[in-house]
Amino acid sequence: MMGIKHKEEASSGGLHNALAVGSTIKGNVITDADFRLDGRVEGDILCGGKIVVGPKGPVLGNVTSENAEIMGEIDGCVKVNGKLVLKSTARIEGDICLKLIEIEPNARFNGKCIMVCEENL
């Protein structure tokens, strides 16, 4: 797949995927590994690890992951089983469902926020 990198990290011993700036995926993305997104995704993302959406990485679809750090824009719902971090440049148009949240000043989301207790996961 063009624009997608899948490499092993020497420090963590784990795998992660990356979509570079200037790349676009039209369709759903499913990965068990961490995912760094700096390109554009037009579809849903299901990530079994942590997803990082860079400041130039828009998502037009829903995002589901274990943990997430958002610097870019998401037009869809976000469901995180653990911690969601919204950096100052984050923009979310949709509901969020999570266990823990950290929001920097100037981050924005328009939608409902549902905090799920651990026994409800």
# chains A, B, ... in the order shown; residues from 1 in each chain; ligands from 1
$ select_by_dssp --residues "chain A" --states "strand (DSSP E or B)" --output "ChimeraX atom specification"
/A:4-8,15-19,24-26,29-31,34-37,40-42,45-53,59,63-70,73-75,78-80,83-86,91-93,96-98,100-103,108-110,113-115
$ residues_around --residues "Ile92 of chain A" --least-positions-apart "3" --cutoff "6 Å" --atoms "only C-alpha atoms" --output "PyMOL selection string"
chain A and resi 73-75+109
$ residues_around --residues "Cys77 of chain A" --least-positions-apart "4" --cutoff "12 Å" --atoms "only C-alpha atoms" --output "list in words"
Gly43, Asp44, Ile45, Leu46, Val59, Leu60, Gly61, Asn62, Val63, Thr64, Ser65, Glu73, Arg91, Ile92, Glu93, Gly94, Asp95, Ile96, Cys97, Leu98, Phe109, Asn110, Gly111, Lys112, Cys113 and Ile114 of chain A
$ write_last_selection --atoms "N, CA, C and O atoms" --output "mmCIF file, in the first residue's frame"
data_model
loop_
_atom_site.group_PDB
_atom_site.id
_atom_site.type_symbol
_atom_site.label_atom_id
_atom_site.label_comp_id
_atom_site.auth_asym_id
_atom_site.auth_seq_id
_atom_site.Cartn_x
_atom_site.Cartn_y
_atom_site.Cartn_z
ATOM 1 N N GLY A 43 -12.789 7.210 5.870
ATOM 2 C CA GLY A 43 -13.330 5.917 6.281
ATOM 3 C C GLY A 43 -13.092 5.739 7.766
ATOM 4 O O GLY A 43 -12.478 6.579 8.418
ATOM 5 N N ASP A 44 -13.573 4.653 8.314
ATOM 6 C CA ASP A 44 -13.433 4.381 9.743
ATOM 7 C C ASP A 44 -12.056 3.784 10.040
ATOM 8 O O ASP A 44 -11.470 3.111 9.198
ATOM 9 N N ILE A 45 -11.570 4.039 11.253
ATOM 10 C CA ILE A 45 -10.298 3.489 11.704
ATOM 11 C C ILE A 45 -10.552 2.662 12.955
ATOM 12 O O ILE A 45 -11.150 3.146 13.918
ATOM 13 N N LEU A 46 -10.078 1.416 12.937
ATOM 14 C CA LEU A 46 -10.145 0.532 14.098
ATOM 15 C C LEU A 46 -8.712 0.156 14.442
ATOM 16 O O LEU A 46 -8.048 -0.552 13.685
ATOM 17 N N VAL A 59 -9.445 13.045 9.481
ATOM 18 C CA VAL A 59 -10.168 11.785 9.385
ATOM 19 C C VAL A 59 -11.634 12.118 9.131
ATOM 20 O O VAL A 59 -12.238 12.873 9.893
ATOM 21 N N LEU A 60 -12.189 11.554 8.060
ATOM 22 C CA LEU A 60 -13.609 11.681 7.769
ATOM 23 C C LEU A 60 -14.229 10.313 8.022
ATOM 24 O O LEU A 60 -14.380 9.505 7.113
ATOM 25 N N GLY A 61 -14.506 10.038 9.291
ATOM 26 C CA GLY A 61 -15.034 8.734 9.693
ATOM 27 C C GLY A 61 -14.870 8.553 11.184
ATOM 28 O O GLY A 61 -14.339 9.423 11.886
ATOM 29 N N ASN A 62 -15.308 7.423 11.686
ATOM 30 C CA ASN A 62 -15.234 7.113 13.110
ATOM 31 C C ASN A 62 -13.884 6.499 13.452
ATOM 32 O O ASN A 62 -13.283 5.810 12.633
ATOM 33 N N VAL A 63 -13.437 6.753 14.688
ATOM 34 C CA VAL A 63 -12.155 6.223 15.168
ATOM 35 C C VAL A 63 -12.406 5.435 16.446
ATOM 36 O O VAL A 63 -13.028 5.942 17.381
ATOM 37 N N THR A 64 -11.911 4.186 16.473
ATOM 38 C CA THR A 64 -11.982 3.351 17.667
ATOM 39 C C THR A 64 -10.570 2.855 17.967
ATOM 40 O O THR A 64 -9.897 2.352 17.073
ATOM 41 N N SER A 65 -10.112 3.044 19.215
ATOM 42 C CA SER A 65 -8.755 2.617 19.582
ATOM 43 C C SER A 65 -8.647 2.388 21.077
ATOM 44 O O SER A 65 -9.553 2.719 21.836
ATOM 45 N N GLU A 73 -7.873 16.912 12.788
ATOM 46 C CA GLU A 73 -9.327 17.019 12.741
ATOM 47 C C GLU A 73 -9.973 15.668 12.487
ATOM 48 O O GLU A 73 -9.503 14.895 11.662
ATOM 49 N N ARG A 91 -9.555 19.161 16.652
ATOM 50 C CA ARG A 91 -10.921 19.546 16.330
ATOM 51 C C ARG A 91 -11.701 18.268 16.057
ATOM 52 O O ARG A 91 -11.373 17.522 15.136
ATOM 53 N N ILE A 92 -12.746 18.004 16.859
ATOM 54 C CA ILE A 92 -13.573 16.815 16.665
ATOM 55 C C ILE A 92 -15.022 17.257 16.495
ATOM 56 O O ILE A 92 -15.552 17.994 17.326
ATOM 57 N N GLU A 93 -15.639 16.791 15.409
ATOM 58 C CA GLU A 93 -17.061 17.018 15.152
ATOM 59 C C GLU A 93 -17.747 15.669 15.295
ATOM 60 O O GLU A 93 -17.836 14.904 14.336
ATOM 61 N N GLY A 94 -18.170 15.339 16.502
ATOM 62 C CA GLY A 94 -18.812 14.052 16.755
ATOM 63 C C GLY A 94 -18.700 13.696 18.223
ATOM 64 O O GLY A 94 -17.972 14.327 18.981
ATOM 65 N N ASP A 95 -19.421 12.682 18.620
ATOM 66 C CA ASP A 95 -19.421 12.240 20.013
ATOM 67 C C ASP A 95 -18.117 11.535 20.352
ATOM 68 O O ASP A 95 -17.467 10.948 19.484
ATOM 69 N N ILE A 96 -17.742 11.601 21.637
ATOM 70 C CA ILE A 96 -16.574 10.870 22.113
ATOM 71 C C ILE A 96 -16.987 9.986 23.286
ATOM 72 O O ILE A 96 -17.825 10.364 24.098
ATOM 73 N N CYS A 97 -16.405 8.805 23.342
ATOM 74 C CA CYS A 97 -16.672 7.846 24.406
ATOM 75 C C CYS A 97 -15.315 7.345 24.884
ATOM 76 O O CYS A 97 -14.497 6.895 24.077
ATOM 77 N N LEU A 98 -15.050 7.441 26.184
ATOM 78 C CA LEU A 98 -13.713 7.172 26.701
ATOM 79 C C LEU A 98 -13.747 6.877 28.180
ATOM 80 O O LEU A 98 -14.781 6.993 28.826
ATOM 81 N N PHE A 109 -14.212 20.156 20.639
ATOM 82 C CA PHE A 109 -15.025 19.076 20.088
ATOM 83 C C PHE A 109 -16.484 19.466 20.238
ATOM 84 O O PHE A 109 -16.880 20.085 21.226
ATOM 85 N N ASN A 110 -17.266 19.151 19.220
ATOM 86 C CA ASN A 110 -18.699 19.413 19.215
ATOM 87 C C ASN A 110 -19.407 18.067 19.196
ATOM 88 O O ASN A 110 -19.363 17.351 18.198
ATOM 89 N N GLY A 111 -20.013 17.727 20.314
ATOM 90 C CA GLY A 111 -20.706 16.449 20.441
ATOM 91 C C GLY A 111 -20.849 16.103 21.905
ATOM 92 O O GLY A 111 -20.511 16.893 22.785
ATOM 93 N N LYS A 112 -21.330 14.902 22.167
ATOM 94 C CA LYS A 112 -21.480 14.424 23.535
ATOM 95 C C LYS A 112 -20.201 13.742 23.981
ATOM 96 O O LYS A 112 -19.507 13.125 23.186
ATOM 97 N N CYS A 113 -19.928 13.844 25.279
ATOM 98 C CA CYS A 113 -18.804 13.138 25.882
ATOM 99 C C CYS A 113 -19.371 12.131 26.874
ATOM 100 O O CYS A 113 -20.078 12.513 27.808
ATOM 101 N N ILE A 114 -19.065 10.862 26.641
ATOM 102 C CA ILE A 114 -19.540 9.799 27.524
ATOM 103 C C ILE A 114 -18.325 9.147 28.161
ATOM 104 O O ILE A 114 -17.470 8.609 27.467
#
$ residues_around --residues "Lys99 of chain A" --least-positions-apart "6" --cutoff "7 Å" --atoms "only C-alpha atoms" --output "JSON, numbers by chain"
{"A": [81, 82, 83, 115, 116, 117]}
$ residues_around --residues "segment 26-38 of chain A" --least-positions-apart "5" --cutoff "7 Å" --atoms "only C-alpha atoms" --output "JSON list (two decimals) with N, CA and C atoms, in the first residue's frame"
[["chain", "number", "residue", "atom", "x", "y", "z"],
["A", 15, "LEU", "N", 5.33, -3.01, 17.03],
["A", 15, "LEU", "CA", 5.14, -2.52, 15.67],
["A", 15, "LEU", "C", 4.24, -1.30, 15.68],
["A", 16, "HIS", "N", 4.42, -0.45, 14.67],
["A", 16, "HIS", "CA", 3.47, 0.63, 14.46],
["A", 16, "HIS", "C", 3.38, 0.93, 12.98],
["A", 17, "ASN", "N", 2.27, 1.53, 12.60],
["A", 17, "ASN", "CA", 2.00, 1.91, 11.22],
["A", 17, "ASN", "C", 2.02, 3.43, 11.13],
["A", 18, "ALA", "N", 2.31, 3.94, 9.93],
["A", 18, "ALA", "CA", 2.29, 5.38, 9.71],
["A", 18, "ALA", "C", 1.76, 5.67, 8.32],
["A", 19, "LEU", "N", 0.95, 6.72, 8.21],
["A", 19, "LEU", "CA", 0.48, 7.22, 6.93],
["A", 19, "LEU", "C", 1.03, 8.63, 6.79],
["A", 20, "ALA", "N", 1.86, 8.85, 5.77],
["A", 20, "ALA", "CA", 2.60, 10.10, 5.61],
["A", 20, "ALA", "C", 1.72, 11.22, 5.07],
["A", 21, "VAL", "N", 2.18, 12.46, 5.31],
["A", 21, "VAL", "CA", 1.54, 13.65, 4.77],
["A", 21, "VAL", "C", 1.47, 13.52, 3.25],
["A", 43, "GLY", "N", -12.79, 7.21, 5.87],
["A", 43, "GLY", "CA", -13.33, 5.92, 6.28],
["A", 43, "GLY", "C", -13.09, 5.74, 7.77],
["A", 44, "ASP", "N", -13.57, 4.65, 8.31],
["A", 44, "ASP", "CA", -13.43, 4.38, 9.74],
["A", 44, "ASP", "C", -12.06, 3.78, 10.04],
["A", 45, "ILE", "N", -11.57, 4.04, 11.25],
["A", 45, "ILE", "CA", -10.30, 3.49, 11.70],
["A", 45, "ILE", "C", -10.55, 2.66, 12.96],
["A", 46, "LEU", "N", -10.08, 1.42, 12.94],
["A", 46, "LEU", "CA", -10.15, 0.53, 14.10],
["A", 46, "LEU", "C", -8.71, 0.16, 14.44],
["A", 47, "CYS", "N", -8.23, 0.66, 15.58],
["A", 47, "CYS", "CA", -6.84, 0.49, 15.97],
["A", 47, "CYS", "C", -6.78, -0.23, 17.31],
["A", 48, "GLY", "N", -6.09, -1.37, 17.34],
["A", 48, "GLY", "CA", -5.96, -2.15, 18.56],
["A", 48, "GLY", "C", -4.93, -1.60, 19.52],
["A", 49, "GLY", "N", -4.21, -0.56, 19.13],
["A", 49, "GLY", "CA", -3.21, 0.09, 19.98],
["A", 49, "GLY", "C", -3.53, 1.56, 20.14],
["A", 50, "LYS", "N", -2.49, 2.38, 20.12],
["A", 50, "LYS", "CA", -2.65, 3.83, 20.24],
["A", 50, "LYS", "C", -2.64, 4.45, 18.85],
["A", 51, "ILE", "N", -3.56, 5.38, 18.63],
["A", 51, "ILE", "CA", -3.56, 6.15, 17.38],
["A", 51, "ILE", "C", -3.14, 7.58, 17.70],
["A", 52, "VAL", "N", -2.27, 8.11, 16.86],
["A", 52, "VAL", "CA", -1.87, 9.51, 16.94],
["A", 52, "VAL", "C", -2.27, 10.16, 15.63],
["A", 53, "VAL", "N", -3.16, 11.15, 15.71],
["A", 53, "VAL", "CA", -3.59, 11.89, 14.53],
["A", 53, "VAL", "C", -2.83, 13.21, 14.54],
["A", 54, "GLY", "N", -1.90, 13.36, 13.58],
["A", 54, "GLY", "CA", -1.07, 14.56, 13.49],
["A", 54, "GLY", "C", -1.87, 15.78, 13.09],
["A", 56, "LYS", "N", -1.84, 17.62, 10.56],
["A", 56, "LYS", "CA", -2.23, 17.68, 9.14],
["A", 56, "LYS", "C", -2.99, 16.42, 8.73],
["A", 57, "GLY", "N", -3.44, 15.63, 9.73],
["A", 57, "GLY", "CA", -4.08, 14.35, 9.44],
["A", 57, "GLY", "C", -5.57, 14.38, 9.68]]
$ residues_around --residues "Ile25 of chain A" --least-positions-apart "4" --cutoff "7 Å" --atoms "only C-alpha atoms" --output "mmCIF file with C-alpha atoms, in the first residue's frame"
data_model
loop_
_atom_site.group_PDB
_atom_site.id
_atom_site.type_symbol
_atom_site.label_atom_id
_atom_site.label_comp_id
_atom_site.auth_asym_id
_atom_site.auth_seq_id
_atom_site.Cartn_x
_atom_site.Cartn_y
_atom_site.Cartn_z
ATOM 1 C CA ARG A 40 -5.934 11.772 5.164
ATOM 2 C CA VAL A 41 -8.363 8.916 5.865
ATOM 3 C CA GLU A 42 -11.868 8.863 4.395
#
$ closest_residue --among "A:Lys79, A:Pro55, A:Met71, A:Gly39" --to "Ile103 of chain A" --atoms "only C-alpha atoms"
A:Met71
